[in-house]
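Visitor: So I've got this file, coords.cif, and it contains mmCIF, C-alpha atoms:
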```cif
data_data
#
loop_
_atom_site.label_atom_id
_atom_site.label_comp_id
_atom_site.auth_asym_id
_atom_site.auth_seq_id
_atom_site.Cartn_x
_atom_site.Cartn_y
_atom_site.Cartn_z
CA MET A 1 168.77 -101.50 -132.61
CA TYR A 2 169.66 -100.65 -129.06
CA ASP A 3 173.39 -100.93 -128.57
CA PHE A 4 174.94 -104.01 -127.02
CA THR A 5 178.36 -105.56 -126.65
CA TYR A 6 179.17 -108.10 -129.33
CA GLN A 7 181.40 -110.94 -128.21
CA ARG A 8 182.75 -113.77 -130.31
CA VAL A 9 183.74 -116.95 -128.49
CA GLY A 10 185.83 -119.96 -129.46
CA SER A 11 184.35 -122.58 -127.15
CA VAL A 12 181.07 -123.57 -125.56
CA ASP A 13 182.60 -123.14 -122.09
CA ASP A 14 183.63 -119.62 -123.02
CA ALA A 15 180.12 -118.89 -124.29
CA ALA A 16 178.55 -120.16 -121.06
CA ALA A 17 181.01 -118.12 -118.98
CA LYS A 18 180.30 -114.96 -121.00
CA VAL A 19 176.56 -115.42 -120.51
CA LYS A 20 176.98 -115.91 -116.78
CA GLY A 21 179.31 -112.92 -116.49
CA ALA A 22 177.05 -110.47 -118.31
CA ASP A 23 173.99 -108.57 -117.09
CA ASP A 24 171.61 -109.88 -119.68
CA ALA A 25 173.37 -111.69 -122.49
CA MET A 26 171.82 -113.52 -125.40
CA LEU A 27 173.43 -116.26 -127.44
CA MET A 28 173.45 -115.78 -131.19
CA ALA A 29 173.54 -118.71 -133.59
CA GLY A 30 172.71 -117.79 -137.20
CA GLY A 31 170.97 -114.61 -136.09
CA MET A 32 168.10 -115.04 -138.54
CA THR A 33 165.53 -114.40 -135.83
CA LEU A 34 167.65 -112.55 -133.31
CA ILE A 35 168.89 -109.75 -135.57
CA PRO A 36 165.40 -108.88 -136.87
CA THR A 37 164.20 -108.99 -133.24
CA LEU A 38 166.94 -106.57 -132.19
CA LYS A 39 166.16 -104.27 -135.13
CA GLN A 40 162.59 -103.99 -133.99
CA ARG A 41 163.78 -103.24 -130.48
CA LEU A 42 161.85 -106.22 -129.17
CA ALA A 43 164.91 -107.26 -127.17
CA GLN A 44 167.57 -105.25 -125.39
CA PRO A 45 170.37 -107.61 -124.38
CA SER A 46 173.50 -106.20 -122.74
CA ASP A 47 175.66 -108.62 -124.69
CA ILE A 48 175.41 -110.78 -127.78
CA VAL A 49 177.56 -113.87 -127.57
CA ASP A 50 178.20 -115.17 -131.08
CA LEU A 51 178.57 -118.96 -131.33
CA SER A 52 179.63 -119.00 -134.99
CA GLY A 53 183.34 -119.25 -134.18
CA ILE A 54 182.95 -122.62 -132.42
CA SER A 55 183.90 -125.04 -135.17
CA GLY A 56 183.07 -128.10 -133.05
CA LEU A 57 179.38 -127.23 -133.23
CA ILE A 58 179.26 -127.48 -137.02
CA GLY A 59 178.81 -130.73 -138.91
CA ILE A 60 176.77 -133.88 -139.40
CA SER A 61 177.77 -137.41 -138.45
CA ILE A 62 176.25 -140.87 -138.24
CA GLU A 63 176.54 -142.52 -134.84
CA GLY A 64 174.96 -145.97 -134.84
CA ASP A 65 171.32 -145.48 -135.83
CA ASN A 66 171.44 -141.76 -135.11
CA VAL A 67 172.08 -138.82 -137.37
CA VAL A 68 173.83 -136.25 -135.20
CA VAL A 69 173.57 -132.64 -136.34
CA GLY A 70 175.82 -130.07 -134.68
CA ALA A 71 173.93 -127.10 -133.29
CA MET A 72 175.58 -124.55 -135.59
CA THR A 73 174.95 -126.55 -138.75
CA THR A 74 173.02 -124.44 -141.23
CA HIS A 75 169.72 -125.43 -142.81
CA ALA A 76 171.47 -125.40 -146.21
CA ALA A 77 174.06 -127.89 -144.93
CA VAL A 78 171.37 -130.22 -143.54
CA ALA A 79 169.42 -130.00 -146.81
CA ALA A 80 172.53 -130.84 -148.85
CA SER A 81 173.94 -133.54 -146.57
CA ALA A 82 174.29 -136.95 -148.22
CA ASP A 83 174.04 -138.58 -144.77
CA VAL A 84 170.78 -136.82 -143.93
CA LYS A 85 169.35 -137.46 -147.39
CA SER A 86 170.12 -141.16 -147.15
CA LYS A 87 169.08 -141.78 -143.51
CA ILE A 88 166.26 -139.27 -142.97
CA PRO A 89 165.22 -137.76 -146.32
CA ALA A 90 162.27 -136.05 -144.62
CA LEU A 91 164.67 -134.03 -142.46
CA ALA A 92 166.65 -132.85 -145.50
CA GLU A 93 163.41 -131.82 -147.20
CA LEU A 94 162.24 -129.96 -144.10
CA ALA A 95 165.53 -128.03 -143.94
CA ASP A 96 165.27 -127.21 -147.64
CA GLY A 97 161.87 -125.58 -147.08
CA ILE A 98 162.87 -123.16 -144.33
CA GLY A 99 162.76 -119.46 -145.27
CA ASP A 100 164.73 -118.79 -148.43
CA PRO A 101 168.23 -119.72 -149.70
CA GLN A 102 169.96 -116.83 -147.94
CA VAL A 103 168.24 -117.60 -144.64
CA ARG A 104 169.16 -121.28 -145.05
CA ASN A 105 172.80 -120.25 -145.58
CA ARG A 106 172.88 -118.59 -142.15
CA GLY A 107 170.13 -120.08 -139.99
CA THR A 108 171.02 -123.04 -137.78
CA ILE A 109 169.22 -125.95 -136.20
CA GLY A 110 170.42 -125.02 -132.71
CA GLY A 111 169.19 -121.46 -133.07
CA SER A 112 165.84 -122.61 -134.38
CA ILE A 113 165.09 -125.01 -131.56
CA ALA A 114 166.49 -122.80 -128.79
CA ASN A 115 164.21 -120.00 -130.01
CA ASN A 116 161.22 -122.38 -130.28
CA ASP A 117 159.12 -120.18 -132.50
CA PRO A 118 155.65 -121.78 -132.54
CA ALA A 119 155.72 -121.72 -136.35
CA ALA A 120 159.28 -122.99 -136.84
CA ASP A 121 159.79 -126.24 -138.74
CA TYR A 122 162.53 -127.98 -136.76
CA PRO A 123 160.62 -128.51 -133.49
CA SER A 124 158.23 -130.83 -135.36
CA ALA A 125 161.13 -132.92 -136.67
CA CYS A 126 162.70 -133.14 -133.20
CA VAL A 127 159.46 -134.27 -131.57
CA GLY A 128 158.30 -136.30 -134.58
CA LEU A 129 161.51 -138.29 -134.74
CA GLY A 130 161.90 -138.58 -130.96
CA ALA A 131 165.22 -136.73 -131.10
CA THR A 132 167.53 -136.00 -128.20
CA ILE A 133 168.79 -132.45 -127.66
CA VAL A 134 172.39 -132.45 -126.46
CA THR A 135 173.60 -129.47 -124.43
CA ASN A 136 176.81 -128.57 -122.64
CA GLN A 137 175.19 -129.91 -119.46
CA ARG A 138 172.93 -132.85 -120.32
CA GLU A 139 170.77 -134.65 -122.84
CA ILE A 140 167.10 -133.69 -123.08
CA ALA A 141 164.39 -135.70 -124.86
CA ALA A 142 162.66 -133.53 -127.47
CA ASP A 143 159.33 -134.30 -125.76
CA ASP A 144 160.65 -132.48 -122.66
CA PHE A 145 162.61 -129.75 -124.45
CA PHE A 146 159.88 -127.60 -125.98
CA THR A 147 157.99 -126.24 -123.00
CA GLY A 148 155.89 -123.42 -124.45
CA LEU A 149 155.74 -120.35 -126.65
CA PHE A 150 159.41 -119.37 -127.25
CA GLU A 151 160.21 -121.38 -124.12
CA THR A 152 162.48 -124.39 -123.75
CA ALA A 153 163.92 -126.50 -120.95
CA LEU A 154 167.29 -124.74 -121.37
CA ASP A 155 168.76 -123.10 -118.27
CA ASP A 156 170.73 -119.85 -118.25
CA GLY A 157 174.14 -120.49 -119.75
CA GLU A 158 173.05 -123.84 -121.16
CA VAL A 159 174.05 -124.17 -124.80
CA VAL A 160 172.60 -126.61 -127.32
CA THR A 161 175.54 -128.45 -128.88
CA ALA A 162 173.85 -131.04 -131.11
CA VAL A 163 170.62 -132.84 -131.95
CA LYS A 164 170.57 -136.64 -132.22
CA PHE A 165 167.90 -137.94 -134.60
CA PRO A 166 167.18 -141.66 -134.60
CA ALA A 167 166.71 -142.77 -138.22
CA PRO A 168 163.07 -143.80 -138.73
CA SER A 169 161.86 -146.60 -140.98
CA LYS A 170 159.85 -143.95 -142.79
CA ALA A 171 158.95 -140.32 -142.29
CA ALA A 172 157.65 -137.22 -144.02
CA TYR A 173 157.05 -133.56 -143.25
CA MET A 174 154.30 -131.61 -144.94
CA LYS A 175 153.71 -127.96 -144.35
CA PHE A 176 151.22 -125.38 -145.43
CA PRO A 177 153.53 -122.38 -145.55
CA ASN A 178 152.72 -118.77 -144.88
CA PRO A 179 152.93 -117.36 -148.40
CA ALA A 180 155.17 -114.47 -147.35
CA SER A 181 157.50 -115.82 -144.67
CA ARG A 182 157.42 -119.56 -145.40
CA TYR A 183 156.96 -120.19 -141.69
CA ALA A 184 154.50 -123.03 -141.14
CA ILE A 185 150.84 -122.06 -140.85
CA VAL A 186 150.57 -125.76 -140.14
CA GLY A 187 153.32 -128.35 -140.47
CA VAL A 188 152.96 -132.03 -139.65
CA PHE A 189 155.87 -134.42 -139.18
CA VAL A 190 154.93 -138.10 -139.27
CA ALA A 191 157.47 -140.83 -138.52
CA GLN A 192 157.39 -144.56 -138.02
CA GLY A 193 160.38 -145.66 -135.99
CA SER A 194 161.58 -148.17 -133.46
CA ASP A 195 159.50 -146.59 -130.68
CA GLY A 196 156.31 -146.51 -132.76
CA VAL A 197 154.56 -143.87 -134.80
CA ARG A 198 154.84 -140.19 -133.95
CA VAL A 199 152.81 -137.30 -135.28
CA ALA A 200 154.11 -133.84 -134.38
CA VAL A 201 152.40 -130.60 -135.35
CA THR A 202 153.98 -127.16 -135.60
CA GLY A 203 152.48 -123.79 -136.54
CA ALA A 204 149.07 -124.61 -135.11
CA GLY A 205 149.45 -124.78 -131.34
CA GLN A 206 149.44 -121.72 -129.10
CA ASP A 207 152.17 -123.35 -127.04
CA GLY A 208 154.17 -124.54 -130.02
CA VAL A 209 154.78 -128.09 -131.19
CA PHE A 210 152.48 -130.87 -129.97
CA ARG A 211 151.79 -134.55 -130.65
CA VAL A 212 148.48 -136.01 -131.78
CA SER A 213 148.12 -139.27 -129.87
CA GLU A 214 144.87 -140.27 -131.56
CA MET A 215 146.58 -140.15 -134.97
CA GLU A 216 149.60 -141.98 -133.59
CA SER A 217 147.52 -144.93 -132.38
CA ALA A 218 145.47 -145.03 -135.58
CA LEU A 219 148.64 -145.11 -137.67
CA THR A 220 150.18 -147.77 -135.44
CA SER A 221 147.46 -150.21 -136.42
CA ASP A 222 147.14 -148.99 -140.02
CA PHE A 223 149.81 -146.72 -141.53
CA SER A 224 147.64 -145.19 -144.21
CA ALA A 225 146.17 -141.77 -145.01
CA ASP A 226 142.70 -143.24 -144.54
CA ALA A 227 143.54 -144.04 -140.93
CA VAL A 228 143.88 -140.33 -140.06
CA ALA A 229 141.35 -138.92 -142.54
CA ASN A 230 138.55 -138.79 -140.01
CA ILE A 231 140.58 -137.66 -137.02
CA SER A 232 140.17 -133.97 -136.37
CA ILE A 233 141.76 -132.10 -133.51
CA PRO A 234 139.86 -129.61 -131.38
CA ASP A 235 140.50 -126.00 -132.46
CA GLY A 236 140.16 -124.49 -128.99
CA ASP A 237 143.89 -124.24 -128.28
CA LEU A 238 145.06 -123.41 -131.79
CA ASN A 239 146.47 -120.16 -133.13
CA SER A 240 144.17 -117.81 -134.96
CA ASP A 241 145.45 -114.86 -136.97
CA ILE A 242 144.98 -112.98 -140.23
CA HIS A 243 146.53 -115.88 -142.12
CA ALA A 244 144.33 -118.68 -140.79
CA SER A 245 141.61 -119.11 -138.21
CA SER A 246 141.92 -121.81 -135.55
CA GLU A 247 139.19 -123.81 -137.29
CA TYR A 248 141.13 -123.67 -140.56
CA ARG A 249 144.34 -124.69 -138.81
CA ALA A 250 142.56 -127.67 -137.23
CA HIS A 251 141.37 -128.69 -140.70
CA LEU A 252 144.89 -128.29 -142.11
CA VAL A 253 146.35 -130.56 -139.43
CA THR A 254 144.31 -133.48 -140.75
CA VAL A 255 145.06 -132.62 -144.39
CA MET A 256 148.80 -132.24 -143.80
CA ALA A 257 148.85 -135.45 -141.75
CA LYS A 258 147.22 -137.36 -144.61
CA ARG A 259 149.71 -135.93 -147.11
CA ALA A 260 152.62 -136.73 -144.83
CA VAL A 261 151.52 -140.35 -144.44
CA ASN A 262 151.16 -140.64 -148.22
CA ASN A 263 154.61 -139.14 -148.73
CA ALA A 264 156.40 -141.00 -145.95
CA SER A 265 159.61 -142.36 -147.42
CA SER A 266 162.30 -144.57 -146.03
CA GLY A 267 166.03 -143.99 -145.84
CA ASP A 268 168.51 -146.58 -147.10
CA MET B 1 181.07 -100.77 -127.93
CA THR B 2 183.26 -100.36 -131.02
CA HIS B 3 185.26 -102.98 -132.86
CA SER B 4 188.00 -102.81 -135.44
CA VAL B 5 187.03 -105.02 -138.32
CA SER B 6 189.06 -106.08 -141.31
CA MET B 7 187.75 -108.00 -144.26
CA THR B 8 188.31 -108.54 -147.93
CA VAL B 9 185.70 -106.81 -150.05
CA ASN B 10 185.78 -107.37 -153.80
CA GLY B 11 189.36 -108.55 -153.52
CA LYS B 12 190.63 -105.55 -151.56
CA SER B 13 191.57 -105.51 -147.89
CA VAL B 14 189.47 -103.03 -145.99
CA SER B 15 189.11 -102.15 -142.36
CA GLY B 16 187.14 -99.82 -140.18
CA GLU B 17 185.66 -99.05 -136.80
CA VAL B 18 182.13 -100.26 -136.23
CA GLU B 19 179.68 -100.40 -133.37
CA SER B 20 178.52 -103.81 -132.19
CA ARG B 21 175.14 -103.12 -133.76
CA THR B 22 176.46 -101.99 -137.16
CA LEU B 23 175.10 -104.22 -139.89
CA LEU B 24 177.27 -105.45 -142.73
CA VAL B 25 175.14 -103.52 -145.21
CA GLN B 26 175.73 -100.30 -143.26
CA PHE B 27 179.46 -100.93 -143.25
CA LEU B 28 179.44 -101.57 -147.00
CA ARG B 29 177.31 -98.56 -147.86
CA GLU B 30 178.35 -95.98 -145.29
CA ASN B 31 181.97 -96.81 -144.51
CA LEU B 32 183.07 -98.19 -147.85
CA ARG B 33 180.60 -96.17 -149.96
CA LEU B 34 179.68 -99.30 -151.90
CA THR B 35 176.10 -98.27 -152.45
CA GLY B 36 175.28 -100.91 -155.05
CA THR B 37 174.07 -103.14 -152.23
CA HIS B 38 170.60 -101.85 -151.42
CA VAL B 39 168.46 -101.79 -148.32
CA GLY B 40 164.91 -102.56 -149.32
CA CYS B 41 162.78 -104.00 -146.56
CA ASP B 42 165.43 -104.16 -143.81
CA THR B 43 163.54 -107.20 -142.47
CA SER B 44 165.45 -109.99 -144.27
CA GLN B 45 162.70 -110.62 -146.76
CA CYS B 46 163.32 -108.69 -149.96
CA GLY B 47 166.88 -109.66 -150.88
CA ALA B 48 167.97 -106.28 -152.27
CA CYS B 49 170.96 -106.50 -149.88
CA VAL B 50 172.25 -109.92 -150.96
CA VAL B 51 176.04 -110.19 -151.08
CA HIS B 52 178.39 -113.15 -150.93
CA LYS B 53 180.23 -113.92 -147.70
CA ASP B 54 182.88 -116.61 -147.94
CA GLY B 55 181.28 -117.85 -151.15
CA GLN B 56 177.65 -118.03 -150.03
CA SER B 57 174.82 -115.61 -150.69
CA ILE B 58 173.54 -113.93 -147.55
CA LYS B 59 171.37 -110.97 -146.62
CA SER B 60 173.75 -108.25 -145.54
CA CYS B 61 170.99 -106.51 -143.57
CA THR B 62 170.82 -109.50 -141.23
CA ILE B 63 174.42 -109.94 -140.17
CA LEU B 64 176.58 -107.72 -138.03
CA ALA B 65 179.68 -106.17 -139.52
CA ALA B 66 181.58 -107.43 -136.48
CA GLN B 67 180.59 -110.99 -137.42
CA CYS B 68 182.33 -110.50 -140.76
CA ASP B 69 185.74 -109.72 -139.32
CA GLY B 70 188.16 -111.74 -141.45
CA ALA B 71 185.52 -112.62 -144.04
CA ASP B 72 185.73 -112.52 -147.82
CA VAL B 73 182.83 -110.46 -149.13
CA THR B 74 181.76 -109.87 -152.73
CA THR B 75 179.24 -107.18 -153.66
CA ILE B 76 177.67 -106.23 -156.99
CA GLU B 77 180.57 -103.79 -157.52
CA GLY B 78 182.98 -106.72 -157.54
CA LEU B 79 181.54 -108.45 -160.60
CA ALA B 80 182.30 -106.32 -163.67
CA ASP B 81 185.75 -106.30 -165.22
CA GLY B 82 186.26 -102.60 -165.83
CA ASP B 83 183.64 -101.58 -168.37
CA THR B 84 182.85 -105.17 -169.26
CA LEU B 85 179.81 -106.42 -167.39
CA HIS B 86 179.83 -109.84 -165.75
CA PRO B 87 177.93 -112.32 -167.99
CA MET B 88 175.07 -112.40 -165.45
CA GLN B 89 174.83 -108.60 -165.43
CA GLU B 90 174.99 -108.58 -169.22
CA ALA B 91 172.18 -111.14 -169.35
CA PHE B 92 169.98 -108.90 -167.19
CA ARG B 93 170.70 -105.99 -169.56
CA GLU B 94 170.06 -108.07 -172.68
CA ASN B 95 166.81 -109.60 -171.40
CA HIS B 96 165.29 -106.51 -169.84
CA GLY B 97 165.67 -108.20 -166.46
CA LEU B 98 165.19 -104.92 -164.62
CA GLN B 99 162.77 -102.09 -164.65
CA CYS B 100 163.50 -99.70 -161.76
CA GLY B 101 166.63 -101.67 -160.89
CA PHE B 102 166.35 -101.51 -157.12
CA CYS B 103 166.21 -105.27 -156.60
CA THR B 104 168.72 -106.03 -159.34
CA PRO B 105 171.97 -106.16 -157.32
CA GLY B 106 170.42 -108.70 -154.98
CA MET B 107 168.89 -110.66 -157.85
CA VAL B 108 172.26 -110.89 -159.59
CA MET B 109 174.17 -111.89 -156.45
CA SER B 110 171.53 -114.47 -155.57
CA ALA B 111 171.54 -115.84 -159.13
CA LEU B 112 175.30 -116.29 -159.05
CA ASP B 113 175.06 -118.40 -155.89
CA LEU B 114 172.47 -120.60 -157.62
CA VAL B 115 174.55 -121.01 -160.75
CA LYS B 116 177.67 -121.84 -158.78
CA ASN B 117 176.08 -125.06 -157.50
CA ASN B 118 173.66 -125.61 -160.35
CA PRO B 119 175.20 -124.43 -163.64
CA ASP B 120 172.12 -125.30 -165.72
CA PRO B 121 169.09 -124.51 -163.56
CA SER B 122 165.57 -125.15 -164.84
CA GLU B 123 162.99 -122.37 -164.82
CA LYS B 124 161.35 -124.03 -161.81
CA GLU B 125 164.65 -124.17 -159.92
CA ILE B 126 165.33 -120.50 -160.68
CA ARG B 127 161.87 -119.48 -159.47
CA GLU B 128 162.25 -121.51 -156.29
CA TRP B 129 165.69 -120.08 -155.66
CA LEU B 130 164.34 -116.52 -155.94
CA GLU B 131 162.15 -117.14 -152.88
CA GLY B 132 164.17 -114.56 -150.97
CA ASN B 133 164.33 -111.87 -153.66
CA ILE B 134 161.37 -109.60 -154.20
CA CYS B 135 160.86 -107.41 -157.29
CA ARG B 136 158.26 -104.72 -156.79
CA CYS B 137 158.01 -103.99 -160.51
CA THR B 138 156.84 -107.63 -160.78
CA GLY B 139 159.44 -108.25 -163.40
CA TYR B 140 160.04 -111.86 -162.45
CA HIS B 141 159.44 -113.19 -165.92
CA ASN B 142 162.37 -111.42 -167.45
CA ILE B 143 164.50 -111.92 -164.35
CA VAL B 144 164.06 -115.68 -164.73
CA LYS B 145 164.90 -115.39 -168.45
CA SER B 146 167.96 -113.31 -167.59
CA ILE B 147 169.25 -115.83 -165.07
CA LYS B 148 168.76 -118.67 -167.54
CA ALA B 149 170.64 -116.72 -170.20
CA GLY B 150 173.35 -115.71 -167.72
CA ALA B 151 173.81 -119.32 -166.67
CA ASP B 152 174.01 -120.37 -170.33
CA SER B 153 176.71 -117.85 -171.14
CA MET B 154 178.72 -118.74 -168.02
CA ARG B 155 178.87 -122.48 -168.85
#
```
Can you give me the file's structure in the form of structure tokens?
Guide:
Amino acid sequence: MYDFTYQRVGSVDDAAAKVKGADDAMLMAGGMTLIPTLKQRLAQPSDIVDLSGISGLIGISIEGDNVVVGAMTTHAAVAASADVKSKIPALAELADGIGDPQVRNRGTIGGSIANNDPAADYPSACVGLGATIVTNQREIAADDFFTGLFETALDDGEVVTAVKFPAPSKAAYMKFPNPASRYAIVGVFVAQGSDGVRVAVTGAGQDGVFRVSEMESALTSDFSADAVANISIPDGDLNSDIHASSEYRAHLVTVMAKRAVNNASSGD
Amino acid sequence: MTHSVSMTVNGKSVSGEVESRTLLVQFLRENLRLTGTHVGCDTSQCGACVVHKDGQSIKSCTILAAQCDGADVTTIEGLADGDTLHPMQEAFRENHGLQCGFCTPGMVMSALDLVKNNPDPSEKEIREWLEGNICRCTGYHNIVKSIKAGADSMR
């Protein structure tokens, strides 16, 4: 690791001020991606601003029809939350399938979405459920938040504080995991909610998470696995690597979508 | 930049000077000379470095020592009572749960976090929980048996 200045902060305002005051600071949430990135010398920030001391960013609450997850809530906490399990079981299951137990004990939802790894699980839940990303400056619809490979709509000094998930009538997430890392080779989040059916795909797209409108309209008229069985997506813009070719990923999108529809479960 | 850090490790208060980039596992091994916690892959995959921080299992190669200021840390050295092994360690010994032993500290620390929340885990639950612990001797079979036996004797 290149050296940097570690700073722990007690408030979001303090974090934003520290970022603005430094040459090239990076925010650290759980550090599950950032620390390995630093070790490989793929980043050389002047400062690391650690958000873990901000207690207000941790926790899960129900606000009306929304499940609100604080940005520094760990994957393990989301997976174990009675509120999440009862309102959006698919979200608890998604969180329970990220990485491994030790990664889930440290990794956070805010860190995952702010990093926007194209193979991360959470972006598909945010887009699939039509979530709202809350920051210290504004609220951003998930559809507008994920803007490209490791890119988001966040400005410098803007800090994700929470994610608001509207509870769907039913939803499921199915992923075909990389056998080593458990990142998604392809993951498909399907949800039927008050604003219709959403199908969000992670792991496959070169620019990260994307929706499949043809599947969404097919499922709107007939919410069944058969409705998506013959819909295939073009492989031209999909990732291709040693784990899976773009053609294979395109195939997996349809298979995972079918499985997700079959597994879609409702909350209470 | 250097920081003074203080934490509780295996019940004892310790402190030291660390750089911002010092990892917890470096602090444990190099400052405190607690070399039971191993560095295997150094890429947060193998789990040889698993310790408990504030009651949860974590990979000590993927957290900064400075982040652990004020924390309560338990390593493999904190389990035995003098010459008497912890029941989970004893179960690994009894069941031939180790061959070369390199992954064992992490396996044991990970197992104890499982058993804390799930005192009677099934074989499937143990295998799923070991997602983040790799054994290069491919001794998983006996590791799973050991954890089951350890859980039984701890109940």
Visitor: Kindly resolve the PyMOL selection byres ((chain A) within 7 of (chain B)) on the present coordinates and return the residues as a PDB file with C-alpha atoms, in the coordinates of the input.
Guide:
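For reference, expr12.pdb as written:
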```
ATOM      1  CA  MET A   1     168.770-101.500-132.610  1.00  0.00           C
ATOM      2  CA  ASP A   3     173.390-100.930-128.570  1.00  0.00           C
ATOM      3  CA  PHE A   4     174.940-104.010-127.020  1.00  0.00           C
ATOM      4  CA  THR A   5     178.360-105.560-126.650  1.00  0.00           C
ATOM      5  CA  TYR A   6     179.170-108.100-129.330  1.00  0.00           C
ATOM      6  CA  MET A  32     168.100-115.040-138.540  1.00  0.00           C
ATOM      7  CA  ILE A  35     168.890-109.750-135.570  1.00  0.00           C
ATOM      8  CA  PRO A  36     165.400-108.880-136.870  1.00  0.00           C
ATOM      9  CA  ASP A 100     164.730-118.790-148.430  1.00  0.00           C
ATOM     10  CA  PRO A 101     168.230-119.720-149.700  1.00  0.00           C
ATOM     11  CA  GLN A 102     169.960-116.830-147.940  1.00  0.00           C
ATOM     12  CA  ASN A 105     172.800-120.250-145.580  1.00  0.00           C
TER      13      ASN A 105
END
```
Visitor: Can you tell me which residues surround range 242-256 of chain A at a distance of at most 8 Å, considering all atoms listed in the file, apart from same-chain residues fewer than 3 positions away, and format the answer as a list in words?
Guide: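 So the residues in contact are Met174, Lys175, Phe176, Asn178, Ile185, Val186, Gly187, Val188, Val201, Ala204, Val228, Ala229, Asn230, Ile231, Ser232, Ile233, Pro234, Asp235, Gly236, Asp237, Leu238, Asn239, Arg259 and Ala260 of chain A.
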Visitor: Once you have the residues from the selection above, write them out as a compact mmCIF listing (two decimals), in the frame of the given file, restricted to C-alpha atoms.
Guide:
```txt
# COMPACT_ATOMS: atom_id res chain seq x y z
CA MET A 174 154.30 -131.61 -144.94
CA LYS A 175 153.71 -127.96 -144.35
CA PHE A 176 151.22 -125.38 -145.43
CA ASN A 178 152.72 -118.77 -144.88
CA ILE A 185 150.84 -122.06 -140.85
CA VAL A 186 150.57 -125.76 -140.14
CA GLY A 187 153.32 -128.35 -140.47
CA VAL A 188 152.96 -132.03 -139.65
CA VAL A 201 152.40 -130.60 -135.35
CA ALA A 204 149.07 -124.61 -135.11
CA VAL A 228 143.88 -140.33 -140.06
CA ALA A 229 141.35 -138.92 -142.54
CA ASN A 230 138.55 -138.79 -140.01
CA ILE A 231 140.58 -137.66 -137.02
CA SER A 232 140.17 -133.97 -136.37
CA ILE A 233 141.76 -132.10 -133.51
CA PRO A 234 139.86 -129.61 -131.38
CA ASP A 235 140.50 -126.00 -132.46
CA GLY A 236 140.16 -124.49 -128.99
CA ASP A 237 143.89 -124.24 -128.28
CA LEU A 238 145.06 -123.41 -131.79
CA ASN A 239 146.47 -120.16 -133.13
CA ARG A 259 149.71 -135.93 -147.11
CA ALA A 260 152.62 -136.73 -144.83
```
Visitor: Starting from the PyMOL selection byres ((chain B and resi 73) around 7), expand the selection into actual residues of this file and give them as JSON, numbers by chain.
Guide: {"B": [8, 9, 10, 52, 53, 54, 71, 72, 74, 75]}
Visitor: May I ask for the distance between CA of Arg138 in chain A and CA of Val12 in chain A, given in Å to one decimal place?
Guide: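 Separation between CA of Arg138 in chain A and CA of Val12 in chain A: 13.4 Å.
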Visitor: Separation of CA of Lys18 in chain A and CA of Ala76 in chain A, in Å?
Guide: 28.7 Å
Visitor: Name the residues in contact with Thr147 in chain A at a cut-off of 12 Å, using only C-alpha atoms, excluding same-chain residues fewer than 3 positions from it; report them as an MDAnalysis selection string.
Guide: chainID A and resid 113:118 123 127 140:144 150:154 206:210
Visitor: Could you write out the selected residues, including C-alpha atoms, as a tab-separated table (two decimals), in the frame of the given file?
Guide:
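Here's the written file again33.tsv:
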```tsv
chain	number	residue	atom	x	y	z
A	113	ILE	CA	165.09	-125.01	-131.56
A	114	ALA	CA	166.49	-122.80	-128.79
A	115	ASN	CA	164.21	-120.00	-130.01
A	116	ASN	CA	161.22	-122.38	-130.28
A	117	ASP	CA	159.12	-120.18	-132.50
A	118	PRO	CA	155.65	-121.78	-132.54
A	123	PRO	CA	160.62	-128.51	-133.49
A	127	VAL	CA	159.46	-134.27	-131.57
A	140	ILE	CA	167.10	-133.69	-123.08
A	141	ALA	CA	164.39	-135.70	-124.86
A	142	ALA	CA	162.66	-133.53	-127.47
A	143	ASP	CA	159.33	-134.30	-125.76
A	144	ASP	CA	160.65	-132.48	-122.66
A	150	PHE	CA	159.41	-119.37	-127.25
A	151	GLU	CA	160.21	-121.38	-124.12
A	152	THR	CA	162.48	-124.39	-123.75
A	153	ALA	CA	163.92	-126.50	-120.95
A	154	LEU	CA	167.29	-124.74	-121.37
A	206	GLN	CA	149.44	-121.72	-129.10
A	207	ASP	CA	152.17	-123.35	-127.04
A	208	GLY	CA	154.17	-124.54	-130.02
A	209	VAL	CA	154.78	-128.09	-131.19
A	210	PHE	CA	152.48	-130.87	-129.97
```
Visitor: A:Ala77, A:Ser124, A:Phe146, A:Glu93: which is nearest Gly59 in chain A, counting only C-alpha atoms?
Guide: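 Checking each of A:Ala77, A:Ser124, A:Phe146, A:Glu93 against Gly59 in chain A, counting only C-alpha atoms, the winner is A:Ala77.
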Visitor: Measuring between only C-alpha atoms, which one of B:Ser153, B:Val39, B:Tyr140, B:Lys12 shows the shortest distance to His96 in chain B?
Guide: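 With only C-alpha atoms as the atom set, the closest residue is B:Tyr140.
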Visitor: Just how far from CA of Cys68 in chain B is CA of Thr104 in chain B, in Å to one decimal?
Guide: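 CA of Cys68 in chain B lies 23.5 Å from CA of Thr104 in chain B.
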